[in-house]
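Comments concern the structure below.
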Amino acid sequence: MQGNQGFDQEDFLDLLPEIVFEIDHDLKIKFLNRTCETIIGYNREEVLNTNINLEGFVLKSDLQRIKENIKKNFNGSVINGENYKFFSKNKNIVTLEIYSSHIKKNGQIVGLRCIAIDITEKEKAHQELTSQEKHFRQIFQNFPLPYHSLNENGDFIDINPVWEKLMGYSKDEILGKNFTHILPNKYKTKFNSAFEIFKQKGEITDINFDLIKKDKSKIHVNFYGKIESDHCKFLKTHCVFTDITLQRKAEQTLIDSEVRLRELNATKDKFFSIIAHDLKNPFNDLMGFTQLLALNIEKYDLQKIEKFTKIIHQSSKLAYNLLENLLDWSRSQTGSLNYEPEKILINKLIDENIDLLESTAKNKNISIYSELDNLIYAYADTNMVRTIIRNLISNAIKYTNQGGYIKIQSYCNHDQCEISITDNGIGISKDSIDKIFKLDESYSTIGTEHEKGTGLGLILCKEFVEKNGGKLWVKSEPDKGSTFSFTLPIPEPNF
């Protein structure tokens, strides 16, 4: 297009918001519309009459690139849409996006016809947006809480470095995987319905659940999330969480401490109760009946003396057994009771206790049968097991009627032995079974011959059995009898 082509066409080009110009091989500007005045401050006559070429406008940093692209265009290529920075007349920098086409004469390229679009403001906006994006990316990268984003299917589409560090996964490992990948099994089946509710509500706050890290360890988290949408169309989630595992453990420790404190208070109350009441009773009997004998020994006949001496003997045994249990129990509570497990022969300890309690059983015509066919070995503390067996047989005698029986049986498998002591006594009600092993219940009943007890023996048995790695339980029916069973670990084969 030449400067002397019709007025109407030039006038039309002057109306365009873009700069229209033509250049030759020497970068001389051969045509220029008047829009240049608006964008770069030079009027058309200034540029055309002073023979200013393109080099006079281009920033030095862009000059080599624009020369190379123009050269390619003159060689037949079409390089369009490139951005270059130009100086305006008042030395401001203007960014122009240039498109060009070939001017041919006799089949040869003799010039370029160009349109330059002013994108200065667009460039500024882009730079500001890039700067903001960089700023927000830095915030995202340094955000102190783990962050992740999910798509509408619940798949990971983004995580931040804190998330990677806490969970142990890299971006490459986790992106594309479903959120259920880091959930325990008990939460996986609930996720889909919970995620749908989350998408409907658009927000979740203060939700606690567990996550599984890459190393398979579990953390407890407090979760917050929001949905990003565009005109009600789901785009993605934005979720952060805090690791409250230590907080949860601290809370559980406080709860455990409170429970332990209650147990200690119950222990203290039980201890004082035994000392104030249960231990006093047998000594009252001892002092009362020995005083009667001392004052009336010459007046009483042998039958009465025998009756009183039996009472004194029973009271003495009760006091002795009670003191023995109290001593063991107090030592276990204070941690001064030594736990020394070894390979022990259960048959021997049962025989010892049968011999010890035989006279008590004979007084009630109770038969004790040891039905251990084989030698039973356990890996446990000898003194503790001796106390367990003594208390359980003694209890069976106490709650069995005249002429009853007690059977001691055993069963062993590859890792433990089970000892059962069964009687055909008065039995225990279902409600009472729940109380007999609880210290704070203070449960105790009178024996069939009005024998007194404290309930401490069974509590001691349970504690000693569990100390040795076993379990203690009871099966009973009123008026039919009871079976107390406990397990102990057996020694290794080559022990």
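Starting from 1 in every chain, residues are counted up; chains themselves are A, B, ... following the order of the structure tokens, and ligands are numbered from 1 as listed.
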
**OP:** Determine, counting only C-alpha atoms, which protein, DNA and RNA residues have an atom within 8 Å of an atom of range 142-159 of chain A; residues of the same chain fewer than 4 positions away are not included. Present the result as a ChimeraX atom specification.
**Re:** /A:138,163-164,166,171,174-179,195,234-242

Original post:
Among range 21-225 of chain A, which residues carry a DSSP assignment of alpha helix (DSSP H), reported as a PyMOL selection string?
Top reply: chain A and resi 35-40+44-49+60-74+120-142+161-167+171-174+185-201

**OP:** Assign secondary structure with DSSP using the backbone only, and return the residues of range 133-287 of chain A in strand (DSSP E) as a PyMOL selection string.
**Re:** chain A and resi 147-150+156-159+203-212+218-230+233-243

**OP:** Give me the residues within 9 Å of range 16-28 of chain A as a PyMOL selection string, counting only C-alpha atoms and dropping any in the same chain fewer than 2 places off.
**Re:** chain A and resi 1-2+12-14+30-36+38-39+48+51-55+67+70-71+74+103+110-118

Subject >> 12 Å contact set for Lys190 in chain A, only C-alpha atoms, chain neighbours under 5 positions out, as a list of chain:residue names >> reply: A:Phe179, A:Thr180, A:Leu183, A:Pro184, A:Asn185, A:Phe195, A:Glu196, A:Ile197, A:Phe209

**OP:** Could you give me, as a ChimeraX atom specification, the residues within 6 Å of Lys407 in chain A, counting only C-alpha atoms and dropping anything in the same chain fewer than 2 positions from it?
**Re:** /A:368-369,421-422
